[in-house]
$ cat structure24.cif   # mmCIF, C-alpha atoms and all ligand atoms
data_entry
#
loop_
_atom_site.group_PDB
_atom_site.id
_atom_site.type_symbol
_atom_site.label_atom_id
_atom_site.label_comp_id
_atom_site.auth_asym_id
_atom_site.auth_seq_id
_atom_site.Cartn_x
_atom_site.Cartn_y
_atom_site.Cartn_z
ATOM 1 C CA MET A 1 145.420 30.865 110.073
ATOM 2 C CA ALA A 2 141.804 30.890 108.946
ATOM 3 C CA GLU A 3 141.208 27.720 107.026
ATOM 4 C CA GLU A 4 138.029 27.052 105.163
ATOM 5 C CA LYS A 5 136.825 24.546 102.627
ATOM 6 C CA GLY A 6 134.960 26.548 100.030
ATOM 7 C CA HIS A 7 134.072 25.838 96.428
ATOM 8 C CA LEU A 8 137.750 25.882 95.644
ATOM 9 C CA GLY A 9 138.631 23.724 98.631
ATOM 10 C CA VAL A 10 140.933 26.406 99.825
ATOM 11 C CA VAL A 11 142.716 28.439 102.409
ATOM 12 C CA HIS A 12 142.019 32.036 103.244
ATOM 13 C CA LEU A 13 145.256 33.873 103.696
ATOM 14 C CA LEU A 14 144.913 37.343 105.165
ATOM 15 C CA PRO A 15 147.702 39.928 105.375
ATOM 16 C CA ALA A 16 147.917 39.215 109.094
ATOM 17 C CA ASP A 17 148.405 35.533 108.319
ATOM 18 C CA VAL A 18 151.288 36.298 106.044
ATOM 19 C CA GLU A 19 152.837 38.526 108.673
ATOM 20 C CA ALA A 20 152.388 35.862 111.324
ATOM 21 C CA LEU A 21 153.887 33.329 108.996
ATOM 22 C CA MET A 22 156.862 35.491 108.293
ATOM 23 C CA ARG A 23 157.534 35.840 111.986
ATOM 24 C CA ARG A 24 157.087 32.145 112.424
ATOM 25 C CA LEU A 25 159.443 31.357 109.610
ATOM 26 C CA GLU A 26 162.120 33.443 111.197
ATOM 27 C CA ARG A 27 161.880 31.488 114.414
ATOM 28 C CA HIS A 28 161.157 27.992 113.219
ATOM 29 C CA LYS A 29 161.837 25.823 110.299
ATOM 30 C CA PHE A 30 159.080 25.369 107.783
ATOM 31 C CA GLU A 31 158.654 21.713 108.719
ATOM 32 C CA ARG A 32 157.162 22.665 112.065
ATOM 33 C CA LEU A 33 153.865 23.675 110.466
ATOM 34 C CA GLU A 34 151.219 21.006 110.683
ATOM 35 C CA LYS A 35 152.187 18.610 107.951
ATOM 36 C CA ASP A 36 148.736 17.384 107.009
ATOM 37 C CA SER A 37 147.072 20.747 106.717
ATOM 38 C CA GLU A 38 146.064 22.021 103.307
ATOM 39 C CA THR A 39 147.881 25.219 104.152
ATOM 40 C CA TYR A 40 151.096 23.411 104.738
ATOM 41 C CA LYS A 41 150.898 21.492 101.492
ATOM 42 C CA ILE A 42 150.305 24.602 99.467
ATOM 43 C CA MET A 43 152.876 26.643 101.242
ATOM 44 C CA ALA A 44 155.542 24.023 101.292
ATOM 45 C CA GLY A 45 155.241 23.832 97.527
ATOM 46 C CA VAL A 46 154.952 27.513 96.783
ATOM 47 C CA PHE A 47 155.625 29.851 99.639
ATOM 48 C CA ASP A 48 159.294 29.619 100.422
ATOM 49 C CA SER A 49 160.441 32.513 102.566
ATOM 50 C CA SER A 50 161.540 34.727 99.674
ATOM 51 C CA THR A 51 158.143 34.233 98.013
ATOM 52 C CA LEU A 52 156.448 35.167 101.277
ATOM 53 C CA LEU A 53 158.532 38.299 101.384
ATOM 54 C CA THR A 54 157.455 39.163 97.858
ATOM 55 C CA LEU A 55 153.798 38.555 98.726
ATOM 56 C CA TYR A 56 154.187 40.616 101.849
ATOM 57 C CA HIS A 57 155.506 43.475 99.752
ATOM 58 C CA MET A 58 152.737 43.186 97.194
ATOM 59 C CA ILE A 59 150.107 43.038 99.935
ATOM 60 C CA HIS A 60 151.479 46.262 101.348
ATOM 61 C CA GLN A 61 151.227 47.853 97.922
ATOM 62 C CA GLY A 62 147.572 46.842 97.786
ATOM 63 C CA VAL A 63 147.999 44.496 94.811
ATOM 64 C CA PHE A 64 146.660 41.678 96.975
ATOM 65 C CA ASP A 65 144.577 41.915 100.094
ATOM 66 C CA ILE A 66 143.188 38.458 100.653
ATOM 67 C CA PHE A 67 143.973 35.084 99.140
ATOM 68 C CA TYR A 68 141.176 32.598 98.553
ATOM 69 C CA GLY A 69 143.419 29.729 97.726
ATOM 70 C CA VAL A 70 144.489 27.648 94.816
ATOM 71 C CA VAL A 71 142.692 27.635 91.481
ATOM 72 C CA SER A 72 145.284 25.435 89.883
ATOM 73 C CA GLY A 73 148.491 23.764 90.848
ATOM 74 C CA GLY A 74 150.719 22.924 87.932
ATOM 75 C CA LYS A 75 154.253 21.723 87.634
ATOM 76 C CA GLU A 76 155.926 25.110 87.614
ATOM 77 C CA SER A 77 153.396 27.372 89.251
ATOM 78 C CA ASN A 78 150.264 27.762 91.309
ATOM 79 C CA ILE A 79 147.437 30.102 90.470
ATOM 80 C CA PHE A 80 145.622 31.643 93.398
ATOM 81 C CA CYS A 81 142.409 33.544 93.441
ATOM 82 C CA ALA A 82 142.827 36.722 95.440
ATOM 83 C CA ARG A 83 141.260 40.136 95.878
ATOM 84 C CA ASP A 84 142.990 43.463 95.793
ATOM 85 C CA LYS A 85 142.526 46.275 98.279
ATOM 86 C CA ARG A 86 139.514 47.587 96.403
ATOM 87 C CA GLY A 87 137.826 44.183 96.424
ATOM 88 C CA ASN A 88 138.458 43.272 92.790
ATOM 89 C CA TYR A 89 139.295 39.663 92.039
ATOM 90 C CA VAL A 90 142.830 39.134 90.814
ATOM 91 C CA ALA A 91 144.746 36.037 89.830
ATOM 92 C CA ALA A 92 148.142 35.490 91.437
ATOM 93 C CA LYS A 93 150.467 33.231 89.514
ATOM 94 C CA ILE A 94 153.288 32.103 91.746
ATOM 95 C CA TYR A 95 156.186 30.253 90.198
ATOM 96 C CA ARG A 96 157.771 27.672 92.424
ATOM 97 C CA ILE A 97 161.390 28.274 93.161
ATOM 98 C CA ALA A 98 162.367 24.863 94.458
ATOM 99 C CA THR A 99 160.594 22.487 92.126
ATOM 100 C CA SER A 100 160.503 24.253 88.792
ATOM 101 C CA ASP A 101 162.355 22.652 85.939
ATOM 102 C CA PHE A 102 164.641 25.611 85.389
ATOM 103 C CA ARG A 103 166.885 23.748 82.945
ATOM 104 C CA THR A 104 164.039 23.412 80.462
ATOM 105 C CA MET A 105 163.035 27.002 81.214
ATOM 106 C CA TYR A 106 166.571 28.060 80.397
ATOM 107 C CA ARG A 107 166.429 26.324 77.017
ATOM 108 C CA TYR A 108 163.255 28.156 76.157
ATOM 109 C CA ILE A 109 164.349 31.582 77.294
ATOM 110 C CA VAL A 110 167.915 31.766 76.089
ATOM 111 C CA GLY A 111 166.936 32.372 72.430
ATOM 112 C CA ASP A 112 164.642 35.273 73.274
ATOM 113 C CA PRO A 113 166.560 38.477 72.456
ATOM 114 C CA ARG A 114 164.984 40.227 75.448
ATOM 115 C CA PHE A 115 166.808 37.861 77.803
ATOM 116 C CA LYS A 116 170.136 37.674 76.034
ATOM 117 C CA GLY A 117 173.015 36.752 78.297
ATOM 118 C CA ILE A 118 170.851 35.328 81.096
ATOM 119 C CA THR A 119 172.852 33.149 83.466
ATOM 120 C CA LYS A 120 171.907 29.583 84.257
ATOM 121 C CA GLU A 121 170.997 30.149 87.883
ATOM 122 C CA ARG A 122 167.756 28.697 89.247
ATOM 123 C CA ARG A 123 166.333 31.774 90.947
ATOM 124 C CA ARG A 124 167.343 34.151 88.164
ATOM 125 C CA ILE A 125 165.768 31.972 85.485
ATOM 126 C CA ILE A 126 162.514 31.624 87.375
ATOM 127 C CA TYR A 127 162.312 35.386 87.959
ATOM 128 C CA ALA A 128 163.032 35.932 84.273
ATOM 129 C CA TRP A 129 160.335 33.421 83.438
ATOM 130 C CA ALA A 130 157.708 35.330 85.444
ATOM 131 C CA SER A 131 158.960 38.602 84.033
ATOM 132 C CA ARG A 132 158.693 37.240 80.515
ATOM 133 C CA GLU A 133 155.112 36.144 81.090
ATOM 134 C CA PHE A 134 154.282 39.620 82.392
ATOM 135 C CA LYS A 135 155.951 41.406 79.454
ATOM 136 C CA ASN A 136 154.260 39.103 76.993
ATOM 137 C CA LEU A 137 150.852 39.718 78.543
ATOM 138 C CA GLN A 138 151.507 43.443 78.368
ATOM 139 C CA ARG A 139 152.500 43.344 74.713
ATOM 140 C CA ALA A 140 149.562 41.113 73.812
ATOM 141 C CA PHE A 141 147.126 43.232 75.818
ATOM 142 C CA ASP A 142 148.395 46.462 74.226
ATOM 143 C CA ALA A 143 148.020 44.892 70.795
ATOM 144 C CA GLY A 144 144.362 44.146 71.544
ATOM 145 C CA VAL A 145 144.689 40.374 71.855
ATOM 146 C CA ALA A 146 142.237 38.790 74.325
ATOM 147 C CA VAL A 147 144.421 37.950 77.349
ATOM 148 C CA PRO A 148 144.026 38.577 81.092
ATOM 149 C CA ARG A 149 145.048 42.177 81.850
ATOM 150 C CA PRO A 150 148.462 42.151 83.483
ATOM 151 C CA ILE A 151 148.586 44.045 86.772
ATOM 152 C CA ARG A 152 151.981 43.671 88.427
ATOM 153 C CA HIS A 153 155.015 41.472 88.494
ATOM 154 C CA GLU A 154 157.569 41.059 91.220
ATOM 155 C CA ARG A 155 160.214 38.332 91.272
ATOM 156 C CA ASN A 156 158.346 35.015 90.867
ATOM 157 C CA VAL A 157 154.874 36.446 91.465
ATOM 158 C CA LEU A 158 152.568 37.799 88.796
ATOM 159 C CA ALA A 159 149.219 39.526 89.326
ATOM 160 C CA MET A 160 146.676 39.639 86.533
ATOM 161 C CA GLU A 161 142.998 40.044 85.908
ATOM 162 C CA PHE A 162 141.004 37.105 87.254
ATOM 163 C CA LEU A 163 139.015 35.416 84.503
ATOM 164 C CA GLY A 164 135.910 34.209 86.218
ATOM 165 C CA GLU A 165 132.856 35.142 88.184
ATOM 166 C CA GLN A 166 132.755 35.541 91.955
ATOM 167 C CA GLY A 167 136.095 33.863 92.297
ATOM 168 C CA VAL A 168 135.158 30.842 90.192
ATOM 169 C CA PRO A 169 137.348 30.632 87.098
ATOM 170 C CA TYR A 170 135.861 30.266 83.634
ATOM 171 C CA PRO A 171 136.458 26.849 82.090
ATOM 172 C CA ARG A 172 139.448 25.960 79.989
ATOM 173 C CA MET A 173 138.617 25.009 76.437
ATOM 174 C CA LYS A 174 140.001 21.555 77.273
ATOM 175 C CA ASP A 175 137.271 20.975 79.884
ATOM 176 C CA SER A 176 134.390 22.596 78.106
ATOM 177 C CA PRO A 177 134.477 22.580 74.309
ATOM 178 C CA PRO A 178 133.121 25.735 72.651
ATOM 179 C CA GLU A 179 129.494 25.806 71.554
ATOM 180 C CA LYS A 180 130.404 27.292 68.195
ATOM 181 C CA PRO A 181 133.701 25.640 67.342
ATOM 182 C CA LYS A 182 134.100 27.211 63.892
ATOM 183 C CA GLU A 183 133.690 30.754 65.225
ATOM 184 C CA THR A 184 135.981 30.041 68.153
ATOM 185 C CA PHE A 185 138.613 28.590 65.823
ATOM 186 C CA GLU A 186 138.497 31.709 63.662
ATOM 187 C CA LYS A 187 138.752 34.001 66.667
ATOM 188 C CA LEU A 188 141.768 32.059 67.867
ATOM 189 C CA LEU A 189 143.423 32.250 64.448
ATOM 190 C CA ASN A 190 142.857 35.995 64.451
ATOM 191 C CA ALA A 191 144.354 36.206 67.916
ATOM 192 C CA VAL A 192 147.443 34.254 66.825
ATOM 193 C CA GLY A 193 147.819 36.478 63.763
ATOM 194 C CA ARG A 194 147.412 39.684 65.732
ATOM 195 C CA LEU A 195 149.827 38.404 68.326
ATOM 196 C CA TYR A 196 152.393 37.762 65.613
ATOM 197 C CA ARG A 197 151.929 40.955 63.627
ATOM 198 C CA GLU A 198 151.074 43.539 66.259
ATOM 199 C CA ALA A 199 152.698 42.171 69.399
ATOM 200 C CA ARG A 200 155.489 40.378 67.502
ATOM 201 C CA LEU A 201 155.051 37.334 69.691
ATOM 202 C CA VAL A 202 154.484 33.621 69.318
ATOM 203 C CA HIS A 203 152.568 32.085 72.207
ATOM 204 C CA SER A 204 154.582 28.846 71.946
ATOM 205 C CA ASP A 205 152.408 26.750 74.262
ATOM 206 C CA LEU A 206 149.047 27.167 72.635
ATOM 207 C CA SER A 207 146.514 24.374 72.998
ATOM 208 C CA GLU A 208 143.077 23.747 74.478
ATOM 209 C CA TYR A 209 144.796 23.796 77.895
ATOM 210 C CA ASN A 210 145.786 27.435 77.564
ATOM 211 C CA VAL A 211 142.572 28.911 76.270
ATOM 212 C CA MET A 212 139.796 29.951 78.649
ATOM 213 C CA LEU A 213 136.250 30.499 77.429
ATOM 214 C CA THR A 214 134.474 33.483 78.928
ATOM 215 C CA PRO A 215 132.762 32.257 76.610
ATOM 216 C CA GLU A 216 134.912 34.307 74.211
ATOM 217 C CA PRO A 217 138.287 32.606 73.835
ATOM 218 C CA VAL A 218 141.040 34.201 75.918
ATOM 219 C CA LEU A 219 144.679 33.142 75.651
ATOM 220 C CA ILE A 220 146.481 32.447 78.905
ATOM 221 C CA ASP A 221 149.829 31.116 80.101
ATOM 222 C CA PHE A 222 152.338 33.284 78.246
ATOM 223 C CA SER A 223 155.489 32.194 80.011
ATOM 224 C CA MET A 224 156.730 30.403 76.893
ATOM 225 C CA GLY A 225 155.717 33.282 74.638
ATOM 226 C CA THR A 226 158.682 34.418 72.610
ATOM 227 C CA ASP A 227 159.701 37.317 70.420
ATOM 228 C CA ILE A 228 159.388 36.565 66.706
ATOM 229 C CA ALA A 229 163.126 37.252 66.402
ATOM 230 C CA ASN A 230 163.819 34.039 68.300
ATOM 231 C CA PRO A 231 165.348 31.503 65.864
ATOM 232 C CA MET A 232 162.809 28.975 67.215
ATOM 233 C CA ALA A 233 159.825 31.277 66.574
ATOM 234 C CA ASP A 234 158.732 29.735 63.255
ATOM 235 C CA GLU A 235 158.848 26.222 64.584
ATOM 236 C CA LEU A 236 156.866 27.278 67.656
ATOM 237 C CA LEU A 237 154.263 29.136 65.599
ATOM 238 C CA LEU A 238 153.735 26.081 63.439
ATOM 239 C CA ARG A 239 153.375 23.931 66.532
ATOM 240 C CA ASP A 240 150.764 26.310 68.026
ATOM 241 C CA LEU A 241 148.769 26.228 64.798
ATOM 242 C CA SER A 242 149.034 22.442 64.570
ATOM 243 C CA ASN A 243 147.656 22.115 68.091
ATOM 244 C CA LEU A 244 144.669 24.287 67.249
ATOM 245 C CA VAL A 245 144.017 22.422 64.009
ATOM 246 C CA ARG A 246 144.192 19.045 65.765
ATOM 247 C CA TYR A 247 141.756 20.151 68.470
ATOM 248 C CA PHE A 248 139.222 21.784 66.152
ATOM 249 C CA ARG A 249 139.300 18.988 63.591
ATOM 250 C CA LYS A 250 138.256 16.628 66.354
ATOM 251 C CA LEU A 251 135.251 18.885 66.862
ATOM 252 C CA GLY A 252 134.410 18.546 63.172
ATOM 253 C CA VAL A 253 135.703 21.930 61.971
ATOM 254 C CA LYS A 254 137.082 21.903 58.428
ATOM 255 C CA THR A 255 140.396 23.700 58.547
ATOM 256 C CA LYS A 256 143.323 24.388 56.264
ATOM 257 C CA GLU A 257 146.590 22.609 56.887
ATOM 258 C CA PRO A 258 148.744 24.137 59.648
ATOM 259 C CA ALA A 259 151.461 24.979 57.085
ATOM 260 C CA GLU A 260 148.975 27.016 55.024
ATOM 261 C CA LEU A 261 147.770 28.906 58.090
ATOM 262 C CA PHE A 262 151.391 29.506 59.010
ATOM 263 C CA SER A 263 152.205 30.994 55.578
ATOM 264 C CA ALA A 264 149.127 33.193 55.719
ATOM 265 C CA ILE A 265 150.208 34.669 59.046
ATOM 266 C CA LYS A 266 153.759 35.221 57.839
ATOM 267 C CA GLU A 267 152.660 36.830 54.582
ATOM 268 C CA GLU A 268 150.282 39.270 56.235
ATOM 269 C CA ARG A 269 153.163 40.891 58.038
HETATM 270 N N1 LIG B 1 143.862 34.975 84.886
HETATM 271 C C1 LIG B 1 143.286 33.847 85.301
HETATM 272 N N2 LIG B 1 142.075 33.863 85.889
HETATM 273 C C2 LIG B 1 141.485 32.724 86.309
HETATM 274 N N3 LIG B 1 142.027 31.501 86.192
HETATM 275 C C3 LIG B 1 143.227 31.415 85.616
HETATM 276 C C4 LIG B 1 143.926 32.567 85.148
HETATM 277 N N4 LIG B 1 145.100 32.161 84.615
HETATM 278 C C5 LIG B 1 145.130 30.829 84.757
HETATM 279 N N5 LIG B 1 144.011 30.363 85.356
HETATM 280 C C6 LIG B 1 143.690 28.957 85.672
HETATM 281 O O1 LIG B 1 144.869 28.308 86.120
HETATM 282 C C7 LIG B 1 145.243 27.262 85.221
HETATM 283 C C8 LIG B 1 146.758 27.220 85.059
HETATM 284 O O2 LIG B 1 147.211 28.444 84.535
HETATM 285 P P1 LIG B 1 148.429 28.499 83.534
HETATM 286 O O3 LIG B 1 148.088 27.730 82.306
HETATM 287 O O4 LIG B 1 148.808 29.927 83.373
HETATM 288 O O5 LIG B 1 149.534 27.757 84.393
HETATM 289 P P2 LIG B 1 150.516 26.612 83.910
HETATM 290 O O6 LIG B 1 151.750 27.324 83.525
HETATM 291 O O7 LIG B 1 149.882 25.755 82.859
HETATM 292 O O8 LIG B 1 150.892 25.741 85.074
HETATM 293 P P3 LIG B 1 152.096 24.723 84.932
HETATM 294 O O9 LIG B 1 152.920 25.036 83.701
HETATM 295 O O10 LIG B 1 152.853 24.958 86.169
HETATM 296 O O11 LIG B 1 151.438 23.384 84.782
HETATM 297 C C9 LIG B 1 144.502 27.555 83.942
HETATM 298 O O12 LIG B 1 144.251 26.383 83.218
HETATM 299 C C10 LIG B 1 143.230 28.201 84.416
HETATM 300 O O13 LIG B 1 142.301 27.221 84.810
HETATM 301 MG MG MG B 2 148.907 26.240 81.191
#

$ encode --input "structure24.cif" --output "structure tokens" --more "lines below"
Ligand SMILES: Nc1ncnc2c1ncn2[C@@H]1O[C@H](COP(=O)(O)OP(=O)(O)OP(=O)(O)O)[C@@H](O)[C@H]1O
Ligand SMILES: [Mg+2]
Amino acid sequence: MAEEKGHLGVVHLLPADVEALMRRLERHKFERLEKDSETYKIMAGVFDSSTLLTLYHMIHQGVFDIFYGVVSGGKESNIFCARDKRGNYVAAKIYRIATSDFRTMYRYIVGDPRFKGITKERRRIIYAWASREFKNLQRAFDAGVAVPRPIRHERNVLAMEFLGEQGVPYPRMKDSPPEKPKETFEKLLNAVGRLYREARLVHSDLSEYNVMLTPEPVLIDFSMGTDIANPMADELLLRDLSNLVRYFRKLGVKTKEPAELFSAIKEER
């Protein structure tokens, strides 16, 4: 396995590596890999054998060709920077099977009419979660909302446009406040409104953590995004708007109250 510390402090994972790993996994237990290696830590958390199989399949389809390693490691997922067969950068979001909090996921997905009747089984919920993020991105993208272009989804793995330059991701709004906060706030309000009216979605986890600045604001992390028919949709929309208002008021932007912004979005329907 070619290991290299680059700007992302990462591991290069080539198709041959994945194949070798697959063979290795068949023969040995995962624990036999060197425990202190970066590779091990990432893979132990993310790449269980079914995920490897999924990656293997997607690599053979040309969705991914080379992995440059982790851009972000959250509670439920890891984001990897990769390139496709043609050399374009793509982001791979890989949901963890073993450590994801699928009970909370279940609570948030069960009210979405698109996933009616989903059973409370870990693997199924996590696959549904990734599938929901993909469908949401598609709906948002088709409605002209600024989101990363969705590319492919398979089981717990999602491929989307990489937001960054030369493999370095653009900053999150949380880490790098916008230069023109008022304009950015208005663009985000427009995006939330368009998302509601045209894509019939509520993001449901909107905050400075889930906006990237290219420097134009782009909404990311749609796994919580829900259909407006969800009985929780209004509450979630109000929460999204309250988060934006809180953040932008801190930057000195004069804004309406979240409830007023909420009514405006609902009335424009
Ligand atoms: N398409 C993308 N291109 C480049 N970087 C991305 C992309 N999507 C996400 N990222 C980076 O990865 C980080 C985490 O992504 P995201 O918010 O989708 O995961 P997360 O669901 O918050 O993780 P968790 O819930 O597991 O904590 C983002 O804050 C951003 O820095
Ligand atoms: Mg996030």

$ closest_atom_pairs --input "structure24.cif" --of "chain A" --to "ligand LIG 1 (chain B)" --cutoff "8 Å" --atoms "all atoms listed in the file" --output "tab-separated table"
residue	atom	partner	partner_atom	distance
A:Val71	CA	B:LIG1	O1	5.8
A:Ser72	CA	B:LIG1	O1	4.8
A:Gly73	CA	B:LIG1	O10	6.5
A:Gly74	CA	B:LIG1	O11	3.3
A:Lys75	CA	B:LIG1	O10	3.8
A:Glu76	CA	B:LIG1	O10	3.4
A:Ser77	CA	B:LIG1	O10	4.0
A:Asn78	CA	B:LIG1	O10	6.4
A:Ile79	CA	B:LIG1	O1	5.4
A:Cys81	CA	B:LIG1	C2	7.2
A:Val90	CA	B:LIG1	N2	7.3
A:Ala91	CA	B:LIG1	N1	5.1
A:Ala92	CA	B:LIG1	N1	7.8
A:Lys93	CA	B:LIG1	O4	7.2
A:Tyr95	CA	B:LIG1	O10	7.4
A:Pro148	CA	B:LIG1	N1	5.2
A:Arg149	CA	B:LIG1	N1	7.9
A:Met160	CA	B:LIG1	N1	5.7
A:Glu161	CA	B:LIG1	N1	5.2
A:Phe162	CA	B:LIG1	N2	3.7
A:Leu163	CA	B:LIG1	N2	3.7
A:Gly164	CA	B:LIG1	C2	5.8
A:Val168	CA	B:LIG1	C2	7.7
A:Pro169	CA	B:LIG1	C2	4.7
A:Tyr170	CA	B:LIG1	C2	6.7
A:Pro171	CA	B:LIG1	O13	6.5
A:Arg172	CA	B:LIG1	O13	5.7
A:Tyr209	CA	B:LIG1	O12	5.9
A:Asn210	CA	B:LIG1	O3	5.3
A:Val211	CA	B:LIG1	O12	7.6
A:Met212	CA	B:LIG1	C10	6.9
A:Ile220	CA	B:LIG1	O4	5.6
A:Asp221	CA	B:LIG1	O4	3.6
A:Phe222	CA	B:LIG1	O4	7.1
A:Ser223	CA	B:LIG1	O6	7.1

$ atom_distance --input "structure24.cif" --atom1 "CA of Gly193 in chain A" --atom2 "CA of Ile228 in chain A"
11.9 Å

$ axis_aligned_box --input "structure24.cif" --around "range 218-237 of chain A" --padding-each-side "8 Å" --output "AutoDock Vina command-line options"
--center_x 153.2 --center_y 31.8 --center_z 71.7 --size_x 40.3 --size_y 27.1 --size_z 32.8

$ resolve_selection --input "structure24.cif" --expression "the PyMOL selection byres (((chain A and resi 137) around 10) and not hetatm)" --output "JSON, numbers by chain"
{"A": [131, 132, 133, 134, 135, 136, 138, 139, 140, 141, 142, 143, 145, 146, 147, 148, 149, 150, 151, 160, 199, 219, 220, 221, 222, 223, 225]}

$ closest_residue --input "structure24.cif" --among "A:Arg249, A:Lys174, A:Pro217, A:Leu201" --to "ligand MG 2 (chain B)" --atoms "all atoms listed in the file"
A:Lys174

$ atom_distance --input "structure24.cif" --atom1 "CA of Gly167 in chain A" --atom2 "CA of Met58 in chain A"
19.7 Å

$ residues_around --input "structure24.cif" --residues "Asn243 in chain A" --least-positions-apart "3" --cutoff "7 Å" --atoms "only C-alpha atoms" --output "count of residues only"
6

$ closest_residue --input "structure24.cif" --among "A:Ser204, A:Ser49, A:Thr255, A:Thr226" --to "Phe185 in chain A" --atoms "only C-alpha atoms"
A:Thr255

$ atom_distance --input "structure24.cif" --atom1 "CA of Arg96 in chain A" --atom2 "CA of Thr54 in chain A"
12.7 Å

$ closest_residue --input "structure24.cif" --among "A:Ile126, A:Leu189, A:Met224, A:Val110" --to "ligand MG 2 (chain B)" --atoms "all atoms listed in the file"
A:Met224

$ closest_residue --input "structure24.cif" --among "A:Glu165, A:Met173, A:Thr51, A:Leu188" --to "Arg123 in chain A" --atoms "only C-alpha atoms"
A:Thr51

$ closest_residue --input "structure24.cif" --among "A:Glu198, A:Glu183, A:Glu208, A:Glu260" --to "ligand MG 2 (chain B)" --atoms "all atoms listed in the file"
A:Glu208

$ closest_residue --input "structure24.cif" --among "A:His203, A:Glu257, A:Thr214, A:Phe102" --to "ligand MG 2 (chain B)" --atoms "only C-alpha atoms and all ligand atoms"
A:His203

$ resolve_selection --input "structure24.cif" --expression "the PyMOL selection byres (((chain A and resi 264) around 12) and not hetatm)" --output "PyMOL selection string"
chain A and resi 189-190+192-193+196-197+237-238+241+256-263+265-269

$ resolve_selection --input "structure24.cif" --expression "the PyMOL selection byres (((chain A and resi 122) around 9) and not hetatm)" --output "PDB file with C-alpha atoms, keeping the file's coordinate frame"
ATOM      1  CA  ILE A  97     161.390  28.274  93.161  1.00  0.00           C
ATOM      2  CA  ALA A  98     162.367  24.863  94.458  1.00  0.00           C
ATOM      3  CA  SER A 100     160.503  24.253  88.792  1.00  0.00           C
ATOM      4  CA  ASP A 101     162.355  22.652  85.939  1.00  0.00           C
ATOM      5  CA  PHE A 102     164.641  25.611  85.389  1.00  0.00           C
ATOM      6  CA  ARG A 103     166.885  23.748  82.945  1.00  0.00           C
ATOM      7  CA  TYR A 106     166.571  28.060  80.397  1.00  0.00           C
ATOM      8  CA  THR A 119     172.852  33.149  83.466  1.00  0.00           C
ATOM      9  CA  LYS A 120     171.907  29.583  84.257  1.00  0.00           C
ATOM     10  CA  GLU A 121     170.997  30.149  87.883  1.00  0.00           C
ATOM     11  CA  ARG A 123     166.333  31.774  90.947  1.00  0.00           C
ATOM     12  CA  ARG A 124     167.343  34.151  88.164  1.00  0.00           C
ATOM     13  CA  ILE A 125     165.768  31.972  85.485  1.00  0.00           C
ATOM     14  CA  ILE A 126     162.514  31.624  87.375  1.00  0.00           C
ATOM     15  CA  TYR A 127     162.312  35.386  87.959  1.00  0.00           C
TER      16      TYR A 127
END
